[in-house]
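> Handing you a structure now.
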Amino acid sequence: KEIKDIIAFFRIVVNSWDNEALKRIINIPSRGIGQTTVGRLEETAVGMELPIWKILEELPGKNIAGFNKGVISRLGQFVEMIRGFMEVAKECDAFATAVAIAEKTGILKELSADKSPESVSRHENIQELLNAIKEFSLNALEEGASGKLSDYLENISLLTDQDTDKDDDRDKVTLMTVHSAKGLEFKNVFIVGLEEELFPSLQQNMKRRAEAIEEERRLFYVALTRAEENVWLSYANQRYRWGRPSRCIPSRFLTELDKKFLEGLNIDKYGSSSNKRESYQTPSGIYRSEIFRNKINNIKYAETTDKNFKGDDPGKIVQGMIVEHQKFGTGKVLKVEGVSSDKKVFVFFQNAGNKQLLLKFAKLKIIG
C-alpha cells in the first residue's frame with residue numbers, strides 16, 4: 001500500500017489531471033480531507049467535464065463545489081504542496097524529487113513514529129523504492145539520458161495481472177511478503193534480503209529488540225516452510241540505503257540453519273553456525289570475526305597517505321574517465337558541467353558513492 005501511495009504522489013506531480021492518483025493520496029497522510037469532500041469534488045468535476053485538479057486550482061476564487069472555509073484551507077494547503085513538488089520535479093532528478101515527496105508529505109514521518117513490525121517493514125519498503133530510484137537516476141546521469149521523475153514513471157509498472165490471468169498462464173514468478181505468503185505453498189521459494197537490519201529489521205527500541213527478533217525468526221520459519229521442494233536463500237554484499245551505498249552483513253538466521261540442509265552457502269565465512277544468540281544482543285556484537293573486521297576496514301574511504309599526491313590537469317577530465325581521488329579512492333566520471341573556474345564534476349566512487357566536486361579543487365588523477 002505504501003508503495004502505491006507514494007507512486008500515486010509521483011503520478012499527480014507528473015500529471016495533475018490523473019484523477020485516480022489524486023483521489024488516492026489527497027488525504028494521505030490524514031490531513032482532514034474526508035470522503036464527503038472527495039465525493040463532492042468528483043461530482044463537480046464530472047458535471048463540469050473537468051479534472052479534479054482544475055477544480056482545486058480555482059479555489060478559493062471559484063468555489064464551485066460550495067466548500068466552507070475550513071475545507072478550502074485544507075485543500076489549498078494540499079494544492080500548494082503538490083505545486084511545490086512540481087517545481088522540484090522540473091529542476092531535480094527523479095531521486096531528489098522522490099526524497100522530497102517522501103519526506104515533505106509526512107509519509108516517512110508517520111511510519112517512523114510507529115515502531116510496530118508492520119510499520120518498520122513499510123518504512124523499509126519505501127527505503128528500497130528510493131534506492132531503486134537512486135540507481136535509476138545514476139544510470140541516467142551516466143548515460144547522459146533524462147532522469148526526471150516522469151522518465152522514471154515510464155520505466156515502472158505496479159500493476160499485477162494476477163486478477164486477470166488465464167488459468168493456463170502460470171509461467172511466472174509471484175512476488176509477496178512473508179506475511180502474505182502464510183498458508184500458501186510453492187514448489188520453489190526464493191527468500192531475498194537476508195541481511196542484518198533488513199531481515200531481521202533494524203529495531204530502534206532496544207528494549208523490545210529481543211522480542212522483535214524472535215518474531216522475525218518465526219517469520220523466517222514461515223518463509224522457509226512455504227517451499228514444497230526447494231528454497232533459495234540470498235543476501236546482498238552491498239546495497240543502497242537512503243541513496244548511499246553501504247556494506248551488508250548476512251542475517252544471523254543463516255548461521256542458525258543446520259548446515260546439512262544447505263548447498264553452496266558458506267556461512268562459516270561470516271560467522272559461527274552455532275546458536276549463540278547472546279552474541280547478537282547489540283549491533284556492535286554482530287559477527288566478531290577477523291574477516292568481518294577486515295570487511296569494515298575495506299569500506300572506509302581509501303585515503304591516500306602520499307603527501308605528494310597530485311591531480312591531473314582539470315581541463316583533461318571528461319565524462320566516462322576512471323579517476324582517483326586522494327580521499328575517496330577510485331571512481332568513474334559521470335558528468336562534467338559548467339565553465340571556467342566554476343566547472344563541476346560528478347563522480348561515482350566505488351567506496352564513497354556519488355560525489356559532486358568543484359573541478360579546480362578536486363585534484364583528480366586520470367587512471368583510464
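Just so we're on the same page: first chain in the C-alpha cells is A, next is B, and so on; residues restart at 1 for each chain, and ligands are numbered from 1 in the order they show up.
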Write down as a PyMOL selection string the residues belonging to region 37-275 of chain A that are assigned strand (DSSP E or B) by DSSP computed on the backbone.
chain A and resi 186-191+195+197-198+201+227-233+238-241+244-247+250
> Would you output that residue set with N, CA, C and O atoms, as an mmCIF file, in the first residue's frame?

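Now in part_12.cif:
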```
data_model
loop_
_atom_site.group_PDB
_atom_site.id
_atom_site.type_symbol
_atom_site.label_atom_id
_atom_site.label_comp_id
_atom_site.auth_asym_id
_atom_site.auth_seq_id
_atom_site.Cartn_x
_atom_site.Cartn_y
_atom_site.Cartn_z
ATOM 1 N N PHE A 186 4.608 -23.346 -2.404
ATOM 2 C CA PHE A 186 5.102 -23.281 -3.773
ATOM 3 C C PHE A 186 6.205 -24.326 -3.944
ATOM 4 O O PHE A 186 6.915 -24.650 -2.987
ATOM 5 N N LYS A 187 6.341 -24.805 -5.145
ATOM 6 C CA LYS A 187 7.386 -25.793 -5.417
ATOM 7 C C LYS A 187 8.762 -25.217 -5.129
ATOM 8 O O LYS A 187 9.611 -25.864 -4.514
ATOM 9 N N ASN A 188 8.999 -23.990 -5.578
ATOM 10 C CA ASN A 188 10.276 -23.309 -5.364
ATOM 11 C C ASN A 188 10.043 -21.958 -4.707
ATOM 12 O O ASN A 188 9.142 -21.215 -5.116
ATOM 13 N N VAL A 189 10.857 -21.648 -3.720
ATOM 14 C CA VAL A 189 10.729 -20.383 -2.998
ATOM 15 C C VAL A 189 12.088 -19.688 -2.950
ATOM 16 O O VAL A 189 13.110 -20.335 -2.701
ATOM 17 N N PHE A 190 12.096 -18.390 -3.186
ATOM 18 C CA PHE A 190 13.313 -17.575 -3.095
ATOM 19 C C PHE A 190 13.110 -16.565 -1.971
ATOM 20 O O PHE A 190 12.183 -15.751 -2.019
ATOM 21 N N ILE A 191 13.971 -16.608 -0.971
ATOM 22 C CA ILE A 191 13.922 -15.642 0.129
ATOM 23 C C ILE A 191 15.117 -14.708 -0.028
ATOM 24 O O ILE A 191 16.268 -15.142 0.045
ATOM 25 N N GLU A 195 19.705 -10.081 5.408
ATOM 26 C CA GLU A 195 20.800 -9.257 5.929
ATOM 27 C C GLU A 195 20.389 -8.626 7.249
ATOM 28 O O GLU A 195 19.205 -8.378 7.486
ATOM 29 N N GLU A 197 19.608 -5.839 9.830
ATOM 30 C CA GLU A 197 18.910 -4.563 9.688
ATOM 31 C C GLU A 197 17.894 -4.574 8.554
ATOM 32 O O GLU A 197 17.263 -3.566 8.263
ATOM 33 N N LEU A 198 17.748 -5.746 7.917
ATOM 34 C CA LEU A 198 16.722 -5.892 6.883
ATOM 35 C C LEU A 198 15.832 -7.083 7.232
ATOM 36 O O LEU A 198 14.626 -6.987 7.287
ATOM 37 N N SER A 201 14.925 -6.852 10.802
ATOM 38 C CA SER A 201 14.980 -5.417 10.525
ATOM 39 C C SER A 201 15.603 -4.672 11.691
ATOM 40 O O SER A 201 15.754 -5.198 12.794
ATOM 41 N N ALA A 227 8.095 -23.628 1.027
ATOM 42 C CA ALA A 227 8.682 -24.383 -0.090
ATOM 43 C C ALA A 227 8.312 -25.859 -0.005
ATOM 44 O O ALA A 227 8.497 -26.507 1.035
ATOM 45 N N GLU A 228 7.803 -26.409 -1.107
ATOM 46 C CA GLU A 228 7.490 -27.830 -1.170
ATOM 47 C C GLU A 228 8.727 -28.656 -1.500
ATOM 48 O O GLU A 228 8.866 -29.792 -1.022
ATOM 49 N N GLU A 229 9.624 -28.093 -2.344
ATOM 50 C CA GLU A 229 10.797 -28.853 -2.763
ATOM 51 C C GLU A 229 12.115 -28.107 -2.543
ATOM 52 O O GLU A 229 13.039 -28.634 -1.932
ATOM 53 N N ASN A 230 12.210 -26.867 -3.029
ATOM 54 C CA ASN A 230 13.474 -26.135 -2.974
ATOM 55 C C ASN A 230 13.278 -24.727 -2.433
ATOM 56 O O ASN A 230 12.253 -24.084 -2.690
ATOM 57 N N VAL A 231 14.268 -24.241 -1.694
ATOM 58 C CA VAL A 231 14.252 -22.852 -1.246
ATOM 59 C C VAL A 231 15.645 -22.274 -1.450
ATOM 60 O O VAL A 231 16.650 -22.905 -1.116
ATOM 61 N N TRP A 232 15.707 -21.094 -2.057
ATOM 62 C CA TRP A 232 16.961 -20.375 -2.284
ATOM 63 C C TRP A 232 17.041 -19.210 -1.298
ATOM 64 O O TRP A 232 16.086 -18.439 -1.168
ATOM 65 N N LEU A 233 18.168 -19.080 -0.626
ATOM 66 C CA LEU A 233 18.390 -18.004 0.332
ATOM 67 C C LEU A 233 19.468 -17.075 -0.215
ATOM 68 O O LEU A 233 20.516 -17.550 -0.658
ATOM 69 N N GLN A 238 26.357 -5.580 -0.831
ATOM 70 C CA GLN A 238 26.247 -4.123 -0.716
ATOM 71 C C GLN A 238 24.932 -3.681 -1.317
ATOM 72 O O GLN A 238 24.494 -4.227 -2.324
ATOM 73 N N ARG A 239 24.277 -2.720 -0.702
ATOM 74 C CA ARG A 239 23.043 -2.163 -1.262
ATOM 75 C C ARG A 239 22.948 -0.691 -0.875
ATOM 76 O O ARG A 239 23.637 -0.226 0.039
ATOM 77 N N TYR A 240 22.080 0.023 -1.575
ATOM 78 C CA TYR A 240 21.850 1.432 -1.255
ATOM 79 C C TYR A 240 20.882 1.540 -0.087
ATOM 80 O O TYR A 240 19.870 0.839 -0.029
ATOM 81 N N ARG A 241 21.208 2.407 0.862
ATOM 82 C CA ARG A 241 20.289 2.739 1.940
ATOM 83 C C ARG A 241 20.145 4.250 1.970
ATOM 84 O O ARG A 241 21.115 4.955 2.221
ATOM 85 N N ARG A 244 22.635 5.970 -0.291
ATOM 86 C CA ARG A 244 24.071 5.836 -0.049
ATOM 87 C C ARG A 244 24.441 4.357 -0.013
ATOM 88 O O ARG A 244 23.759 3.557 0.625
ATOM 89 N N PRO A 245 25.536 3.970 -0.691
ATOM 90 C CA PRO A 245 25.938 2.568 -0.679
ATOM 91 C C PRO A 245 26.467 2.168 0.696
ATOM 92 O O PRO A 245 27.174 2.936 1.349
ATOM 93 N N SER A 246 26.097 0.990 1.155
ATOM 94 C CA SER A 246 26.589 0.501 2.436
ATOM 95 C C SER A 246 26.784 -1.004 2.372
ATOM 96 O O SER A 246 26.067 -1.697 1.649
ATOM 97 N N ARG A 247 27.762 -1.503 3.107
ATOM 98 C CA ARG A 247 28.023 -2.927 3.173
ATOM 99 C C ARG A 247 26.927 -3.632 3.968
ATOM 100 O O ARG A 247 26.350 -3.058 4.885
ATOM 101 N N PRO A 250 25.443 -10.568 6.451
ATOM 102 C CA PRO A 250 24.489 -11.682 6.310
ATOM 103 C C PRO A 250 23.673 -11.874 7.576
ATOM 104 O O PRO A 250 24.168 -11.714 8.695
#
```
> For Glu128 (chain A), please output as a list in words all residues within 12 Å (counting only C-alpha atoms; exclusion window: fewer than 4 positions along the same chain).
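Listing them by chain and then by number gives Glu2, Ile3, Val99, Ser121, Arg122, His123, Glu124, Ala132, Ile133, Lys134, Glu135, Gly193, Leu198, Arg239, Tyr240, Arg241, Trp242, Gly243 and Arg244 of chain A.
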> Residues of region 16-257 of chain A in alpha helix (DSSP H) according to DSSP, as a ChimeraX atom specification?
/A:19-25,35-48,52-57,69-91,94-104,107-113,117-143,149-154,178-181,209-224,252-255
> Go ahead and save the residues from that selection, with C-alpha atoms, as a short mmCIF file (atom, residue, chain, number, x, y, z; two decimals), in the first residue's frame.

```
data_model
loop_
_atom_site.label_atom_id
_atom_site.label_comp_id
_atom_site.auth_asym_id
_atom_site.auth_seq_id
_atom_site.Cartn_x
_atom_site.Cartn_y
_atom_site.Cartn_z
CA ASN A 19 -7.94 11.82 -11.07
CA GLU A 20 -7.41 8.30 -9.68
CA ALA A 21 -3.98 9.16 -8.27
CA LEU A 22 -5.30 12.40 -6.77
CA LYS A 23 -8.24 10.70 -5.06
CA ARG A 24 -5.90 8.10 -3.59
CA ILE A 25 -3.49 10.49 -1.90
CA GLN A 35 -14.64 11.12 1.67
CA THR A 36 -17.54 13.57 1.58
CA THR A 37 -15.22 16.29 0.30
CA VAL A 38 -13.61 13.96 -2.22
CA GLY A 39 -17.04 12.82 -3.41
CA ARG A 40 -18.21 16.41 -3.90
CA LEU A 41 -15.01 17.24 -5.79
CA GLU A 42 -15.50 14.28 -8.10
CA GLU A 43 -19.18 15.05 -8.66
CA THR A 44 -18.39 18.68 -9.51
CA ALA A 45 -15.57 17.67 -11.85
CA VAL A 46 -17.75 15.18 -13.70
CA GLY A 47 -20.59 17.69 -14.00
CA MET A 48 -18.30 20.33 -15.48
CA ILE A 52 -10.43 17.40 -10.19
CA TRP A 53 -7.15 19.32 -10.12
CA LYS A 54 -8.74 22.11 -12.16
CA ILE A 55 -11.48 22.49 -9.56
CA LEU A 56 -8.85 22.64 -6.79
CA GLU A 57 -6.71 25.18 -8.62
CA LYS A 69 -13.58 27.99 4.75
CA GLY A 70 -12.02 25.16 6.73
CA VAL A 71 -12.20 22.71 3.82
CA ILE A 72 -10.96 25.36 1.38
CA SER A 73 -7.96 26.00 3.63
CA ARG A 74 -7.04 22.29 3.81
CA LEU A 75 -7.48 21.81 0.07
CA GLY A 76 -5.38 24.93 -0.56
CA GLN A 77 -2.53 23.54 1.54
CA PHE A 78 -2.65 20.31 -0.46
CA VAL A 79 -2.52 22.19 -3.75
CA GLU A 80 0.44 24.29 -2.63
CA MET A 81 2.31 21.16 -1.53
CA ILE A 82 1.79 19.48 -4.91
CA ARG A 83 2.80 22.65 -6.75
CA GLY A 84 5.98 22.70 -4.72
CA PHE A 85 6.75 19.14 -5.77
CA MET A 86 6.10 20.08 -9.39
CA GLU A 87 8.76 22.79 -9.17
CA VAL A 88 11.23 20.35 -7.62
CA ALA A 89 10.48 17.83 -10.37
CA LYS A 90 11.31 20.43 -13.04
CA GLU A 91 14.71 21.25 -11.55
CA ALA A 94 13.91 11.57 -10.02
CA PHE A 95 15.74 10.63 -6.81
CA ALA A 96 15.86 14.16 -5.35
CA THR A 97 12.18 14.65 -6.21
CA ALA A 98 11.20 11.29 -4.71
CA VAL A 99 13.04 12.04 -1.46
CA ALA A 100 11.34 15.44 -1.22
CA ILE A 101 7.92 13.84 -1.70
CA ALA A 102 8.57 11.03 0.79
CA GLU A 103 9.73 13.48 3.45
CA LYS A 104 7.50 16.52 2.96
CA ILE A 107 4.65 9.55 4.86
CA LEU A 108 8.10 8.71 6.24
CA LYS A 109 7.48 10.59 9.49
CA GLU A 110 4.23 8.74 10.09
CA LEU A 111 5.84 5.33 9.56
CA SER A 112 8.88 6.22 11.69
CA ALA A 113 6.67 7.22 14.61
CA PRO A 117 6.98 -4.56 12.95
CA GLU A 118 4.44 -3.79 10.22
CA SER A 119 5.34 -0.08 10.14
CA VAL A 120 9.06 -0.86 10.22
CA SER A 121 8.55 -3.17 7.24
CA ARG A 122 6.57 -0.50 5.37
CA HIS A 123 9.27 2.07 6.13
CA GLU A 124 11.87 -0.30 4.68
CA ASN A 125 9.74 -0.82 1.57
CA ILE A 126 9.86 2.91 0.86
CA GLN A 127 13.60 2.88 1.50
CA GLU A 128 14.04 0.16 -1.11
CA LEU A 129 11.94 2.13 -3.58
CA LEU A 130 14.14 5.18 -3.04
CA ASN A 131 17.22 3.00 -3.53
CA ALA A 132 15.86 1.82 -6.88
CA ILE A 133 15.13 5.41 -7.94
CA LYS A 134 18.65 6.42 -6.89
CA GLU A 135 20.07 3.71 -9.14
CA PHE A 136 17.81 4.85 -11.99
CA SER A 137 19.00 8.44 -11.61
CA LEU A 138 22.68 7.44 -11.52
CA ASN A 139 22.28 5.28 -14.63
CA ALA A 140 20.51 8.09 -16.46
CA LEU A 141 23.27 10.53 -15.47
CA GLU A 142 25.98 8.15 -16.61
CA GLU A 143 24.24 7.51 -19.91
CA LEU A 149 10.54 11.73 -12.30
CA SER A 150 8.45 11.47 -15.46
CA ASP A 151 11.16 9.30 -17.03
CA TYR A 152 11.16 7.02 -14.02
CA LEU A 153 7.40 6.56 -14.18
CA GLU A 154 7.73 5.50 -17.79
CA VAL A 178 6.29 -13.28 4.16
CA HIS A 179 3.08 -12.20 5.89
CA SER A 180 1.03 -12.53 2.74
CA ALA A 181 2.59 -15.95 1.99
CA ARG A 209 14.72 -5.81 20.30
CA ALA A 210 14.94 -9.39 21.60
CA GLU A 211 11.18 -9.84 21.39
CA ALA A 212 11.05 -8.37 17.88
CA ILE A 213 13.90 -10.57 16.63
CA GLU A 214 12.12 -13.68 17.95
CA GLU A 215 9.05 -12.63 15.99
CA GLU A 216 11.11 -12.21 12.83
CA ARG A 217 12.77 -15.57 13.47
CA ARG A 218 9.29 -17.10 13.42
CA LEU A 219 8.58 -15.24 10.19
CA PHE A 220 11.76 -16.67 8.70
CA TYR A 221 10.48 -20.14 9.62
CA VAL A 222 7.20 -19.34 7.88
CA ALA A 223 9.10 -18.30 4.76
CA LEU A 224 11.19 -21.48 4.75
CA ARG A 252 22.01 -14.17 11.82
CA PHE A 253 19.22 -16.50 10.69
CA LEU A 254 21.58 -18.03 8.13
CA THR A 255 24.02 -19.09 10.82
#
```
> Provide the CA of Leu358 (chain A) to CA of Pro314 (chain A) distance in Å, to one decimal place.
9.9 Å
> If you measure from CA of Asn63 (chain A) to CA of Pro51 (chain A), what distance in Å do you get, rounded to one decimal?
15.0 Å
